[in-house]
>>> print(open('work-v1.cif').read())   # mmCIF, N, CA and C atoms
data_entry
loop_
_atom_site.label_atom_id
_atom_site.label_comp_id
_atom_site.auth_asym_id
_atom_site.auth_seq_id
_atom_site.Cartn_x
_atom_site.Cartn_y
_atom_site.Cartn_z
N MET A 1 -4.21 4.80 6.84
CA MET A 1 -3.70 5.38 5.62
C MET A 1 -2.65 6.45 5.91
N LEU A 2 -2.02 6.35 7.05
CA LEU A 2 -1.13 7.42 7.45
C LEU A 2 0.25 7.31 6.83
N THR A 3 0.91 8.44 6.70
CA THR A 3 2.31 8.48 6.31
C THR A 3 3.11 8.07 7.53
N HIS A 4 4.13 7.27 7.31
CA HIS A 4 4.88 6.67 8.41
C HIS A 4 6.37 6.85 8.13
N ASN A 5 7.21 6.63 9.12
CA ASN A 5 8.66 6.69 8.90
C ASN A 5 9.37 5.67 9.78
N ARG A 6 10.62 5.38 9.44
CA ARG A 6 11.37 4.34 10.12
C ARG A 6 11.55 4.63 11.62
N PRO A 7 11.92 5.85 12.06
CA PRO A 7 12.06 6.08 13.50
C PRO A 7 10.75 5.82 14.27
N LEU A 8 9.63 6.26 13.72
CA LEU A 8 8.35 6.01 14.37
C LEU A 8 8.02 4.52 14.36
N HIS A 9 8.36 3.85 13.30
CA HIS A 9 8.18 2.40 13.21
C HIS A 9 8.94 1.70 14.34
N GLU A 10 10.17 2.09 14.56
CA GLU A 10 11.00 1.47 15.60
C GLU A 10 10.39 1.69 16.99
N VAL A 11 9.91 2.90 17.26
CA VAL A 11 9.26 3.20 18.54
C VAL A 11 8.00 2.35 18.70
N ASN A 12 7.19 2.32 17.65
CA ASN A 12 5.93 1.58 17.72
C ASN A 12 6.13 0.08 17.88
N LEU A 13 7.24 -0.46 17.38
CA LEU A 13 7.52 -1.88 17.57
C LEU A 13 7.60 -2.22 19.05
N GLY A 14 8.11 -1.28 19.84
CA GLY A 14 8.19 -1.50 21.29
C GLY A 14 6.85 -1.32 21.98
N TRP A 15 6.04 -0.43 21.47
CA TRP A 15 4.75 -0.12 22.11
C TRP A 15 3.62 -1.00 21.62
N HIS A 16 3.52 -1.15 20.30
CA HIS A 16 2.37 -1.85 19.70
C HIS A 16 2.84 -2.71 18.52
N PRO A 17 3.57 -3.78 18.79
CA PRO A 17 4.12 -4.58 17.67
C PRO A 17 3.05 -5.16 16.75
N LYS A 18 1.90 -5.53 17.27
CA LYS A 18 0.86 -6.08 16.39
C LYS A 18 0.31 -5.00 15.45
N ALA A 19 0.17 -3.79 15.96
CA ALA A 19 -0.31 -2.70 15.11
C ALA A 19 0.70 -2.39 14.00
N GLU A 20 1.97 -2.52 14.31
CA GLU A 20 2.99 -2.23 13.30
C GLU A 20 2.93 -3.22 12.14
N GLN A 21 2.42 -4.40 12.38
CA GLN A 21 2.27 -5.36 11.28
C GLN A 21 1.29 -4.83 10.23
N VAL A 22 0.36 -3.98 10.67
CA VAL A 22 -0.62 -3.39 9.76
C VAL A 22 -0.10 -2.08 9.19
N LEU A 23 0.57 -1.27 10.02
CA LEU A 23 1.01 0.06 9.61
C LEU A 23 2.25 0.04 8.72
N TRP A 24 3.18 -0.85 9.01
CA TRP A 24 4.45 -0.87 8.28
C TRP A 24 4.38 -1.94 7.21
N ARG A 25 4.01 -1.54 5.99
CA ARG A 25 3.80 -2.49 4.90
C ARG A 25 4.60 -2.07 3.67
N PRO A 26 5.92 -2.32 3.66
CA PRO A 26 6.74 -1.93 2.52
C PRO A 26 6.23 -2.48 1.19
N ASP A 27 5.51 -3.60 1.23
CA ASP A 27 4.97 -4.17 -0.01
C ASP A 27 3.87 -3.30 -0.61
N LEU A 28 3.26 -2.42 0.20
CA LEU A 28 2.18 -1.55 -0.26
C LEU A 28 2.59 -0.08 -0.27
N GLN A 29 3.79 0.22 0.21
CA GLN A 29 4.19 1.61 0.42
C GLN A 29 5.34 2.02 -0.48
N GLU A 30 5.50 3.33 -0.61
CA GLU A 30 6.60 3.91 -1.37
C GLU A 30 7.25 5.00 -0.52
N THR A 31 8.51 5.28 -0.79
CA THR A 31 9.23 6.32 -0.06
C THR A 31 8.83 7.68 -0.60
N LYS A 32 8.73 8.64 0.30
CA LYS A 32 8.48 10.03 -0.11
C LYS A 32 9.30 10.95 0.77
N ARG A 33 9.64 12.10 0.27
CA ARG A 33 10.40 13.10 1.02
C ARG A 33 9.41 14.13 1.53
N SER A 34 9.44 14.38 2.86
CA SER A 34 8.52 15.36 3.44
C SER A 34 8.99 16.78 3.13
N GLU A 35 8.11 17.75 3.37
CA GLU A 35 8.48 19.15 3.16
C GLU A 35 9.65 19.55 4.04
N GLY A 36 9.76 18.92 5.21
CA GLY A 36 10.87 19.22 6.12
C GLY A 36 12.14 18.46 5.80
N GLY A 37 12.11 17.63 4.74
CA GLY A 37 13.29 16.91 4.31
C GLY A 37 13.40 15.50 4.84
N GLY A 38 12.45 15.07 5.68
CA GLY A 38 12.50 13.73 6.25
C GLY A 38 12.09 12.68 5.23
N SER A 39 12.50 11.45 5.48
CA SER A 39 12.15 10.33 4.63
C SER A 39 10.99 9.58 5.27
N ASN A 40 9.89 9.47 4.56
CA ASN A 40 8.69 8.80 5.04
C ASN A 40 8.27 7.73 4.04
N VAL A 41 7.30 6.93 4.45
CA VAL A 41 6.65 6.02 3.51
C VAL A 41 5.17 6.33 3.50
N ARG A 42 4.53 6.08 2.39
CA ARG A 42 3.09 6.26 2.25
C ARG A 42 2.59 5.15 1.33
N TYR A 43 1.30 4.93 1.33
CA TYR A 43 0.75 3.92 0.43
C TYR A 43 0.94 4.38 -1.00
N ARG A 44 1.29 3.45 -1.86
CA ARG A 44 1.46 3.78 -3.28
C ARG A 44 0.17 4.40 -3.80
N ALA A 45 0.31 5.40 -4.64
CA ALA A 45 -0.83 6.21 -5.08
C ALA A 45 -2.00 5.37 -5.60
N GLY A 46 -1.79 4.50 -6.54
CA GLY A 46 -2.89 3.70 -7.08
C GLY A 46 -3.46 2.72 -6.07
N ARG A 47 -2.62 2.17 -5.24
CA ARG A 47 -3.05 1.20 -4.24
C ARG A 47 -3.84 1.87 -3.12
N LYS A 48 -3.46 3.08 -2.75
CA LYS A 48 -4.16 3.78 -1.67
C LYS A 48 -5.64 3.96 -1.99
N ARG A 49 -5.95 4.33 -3.21
CA ARG A 49 -7.35 4.55 -3.59
C ARG A 49 -8.16 3.26 -3.43
N VAL A 50 -7.60 2.14 -3.85
CA VAL A 50 -8.28 0.85 -3.74
C VAL A 50 -8.50 0.50 -2.27
N LEU A 51 -7.45 0.65 -1.46
CA LEU A 51 -7.55 0.32 -0.03
C LEU A 51 -8.54 1.25 0.68
N LEU A 52 -8.51 2.52 0.34
CA LEU A 52 -9.42 3.48 0.96
C LEU A 52 -10.88 3.15 0.60
N ASP A 53 -11.12 2.83 -0.66
CA ASP A 53 -12.48 2.46 -1.07
C ASP A 53 -12.96 1.21 -0.34
N GLU A 54 -12.08 0.23 -0.17
CA GLU A 54 -12.45 -0.98 0.57
C GLU A 54 -12.80 -0.65 2.02
N LEU A 55 -12.01 0.21 2.64
CA LEU A 55 -12.27 0.60 4.02
C LEU A 55 -13.60 1.34 4.15
N LEU A 56 -13.84 2.29 3.26
CA LEU A 56 -15.09 3.06 3.31
C LEU A 56 -16.31 2.16 3.08
N ASP A 57 -16.19 1.20 2.17
CA ASP A 57 -17.28 0.25 1.94
C ASP A 57 -17.55 -0.59 3.19
N LEU A 58 -16.50 -1.04 3.83
CA LEU A 58 -16.64 -1.85 5.04
C LEU A 58 -17.30 -1.04 6.16
N ILE A 59 -16.89 0.20 6.31
CA ILE A 59 -17.50 1.06 7.33
C ILE A 59 -18.97 1.30 7.02
N ALA A 60 -19.28 1.57 5.77
CA ALA A 60 -20.68 1.80 5.38
C ALA A 60 -21.55 0.58 5.65
N GLU A 61 -20.99 -0.59 5.45
CA GLU A 61 -21.73 -1.83 5.65
C GLU A 61 -21.91 -2.18 7.12
N ARG A 62 -20.83 -2.04 7.89
CA ARG A 62 -20.85 -2.55 9.27
C ARG A 62 -21.04 -1.49 10.35
N ALA A 63 -20.69 -0.26 10.03
CA ALA A 63 -20.80 0.80 11.04
C ALA A 63 -21.13 2.13 10.36
N PRO A 64 -22.29 2.22 9.74
CA PRO A 64 -22.62 3.41 8.96
C PRO A 64 -22.72 4.69 9.79
N TYR A 65 -22.78 4.56 11.09
CA TYR A 65 -22.84 5.71 11.98
C TYR A 65 -21.46 6.35 12.21
N LEU A 66 -20.39 5.69 11.77
CA LEU A 66 -19.05 6.25 11.93
C LEU A 66 -18.75 7.23 10.81
N ARG A 67 -18.06 8.31 11.17
CA ARG A 67 -17.61 9.30 10.19
C ARG A 67 -16.12 9.09 9.95
N VAL A 68 -15.70 9.31 8.75
CA VAL A 68 -14.28 9.26 8.42
C VAL A 68 -13.79 10.69 8.30
N ARG A 69 -12.75 10.98 9.05
CA ARG A 69 -12.16 12.33 9.01
C ARG A 69 -10.77 12.23 8.44
N TYR A 70 -10.38 13.23 7.67
CA TYR A 70 -9.06 13.26 7.06
C TYR A 70 -8.25 14.39 7.69
N ALA A 71 -7.00 14.10 7.99
CA ALA A 71 -6.09 15.12 8.50
C ALA A 71 -4.90 15.22 7.52
N PHE A 72 -4.52 16.43 7.22
CA PHE A 72 -3.43 16.63 6.28
C PHE A 72 -2.30 17.35 6.95
#
>>> encode(input="work-v1.cif", output="structure tokens")
Amino acid sequence: MLTHNRPLHEVNLGWHPKAEQVLWRPDLQETKRSEGGGSNVRYRAGRKRVLLDELLDLIAERAPYLRVRYAF
């Protein structure tokens, strides 16, 4: 559920192209301007809640011993 940007996307394509297929999802993301003025993408507000709930349900079902931590 991380905020991402095009330069990081380009770097990650070289390092972890399969992971970028999951992280870089323009169909689910929207552009946002960071406090520092950079252009980033994040999951669309309404969609993020649905995706987060699905992830938390999956963790509770399959790995209830895992904790989810949030970084801001």
>>> resolve_selection(input="work-v1.cif", expression="the PyMOL selection byres (((chain A and resi 31 and name CA) around 10) and name CA)", output="ChimeraX atom specification")
/A:3-5,26,29-30,32-34,39-44
>>> closest_residue(input="work-v1.cif", among="A:Tyr65, A:Tyr70, A:Trp24, A:Trp15", to="Leu52 (chain A)", atoms="only C-alpha atoms")
A:Tyr70
>>> closest_residue(input="work-v1.cif", among="A:Leu66, A:Ala60, A:Leu28, A:Leu8", to="Lys48 (chain A)", atoms="only C-alpha atoms")
A:Leu28
>>> select_by_dssp(input="work-v1.cif", residues="region 9-64 of chain A", states="alpha helix (DSSP H)", output="ChimeraX atom specification")
/A:9-15,17-23,45-62
>>> atom_distance(input="work-v1.cif", atom1="atom C of Val22 (chain A)", atom2="CA of Leu51 (chain A)")
12.1 Å
>>> atom_distance(input="work-v1.cif", atom1="atom C of Leu56 (chain A)", atom2="atom N of Arg69 (chain A)")
11.2 Å
>>> select_by_dssp(input="work-v1.cif", residues="chain A", states="strand (DSSP E)", output="count of residues only")
10
>>> atom_distance(input="work-v1.cif", atom1="CA of Ile59 (chain A)", atom2="atom N of His9 (chain A)")
26.7 Å
>>> axis_aligned_box(input="work-v1.cif", around="region 59-69 of chain A", padding_each_side="8 Å", output="JSON")
{"center_x": -16.8, "center_y": 4.9, "center_z": 8.8, "size_x": 28.1, "size_y": 30.9, "size_z": 22.8}
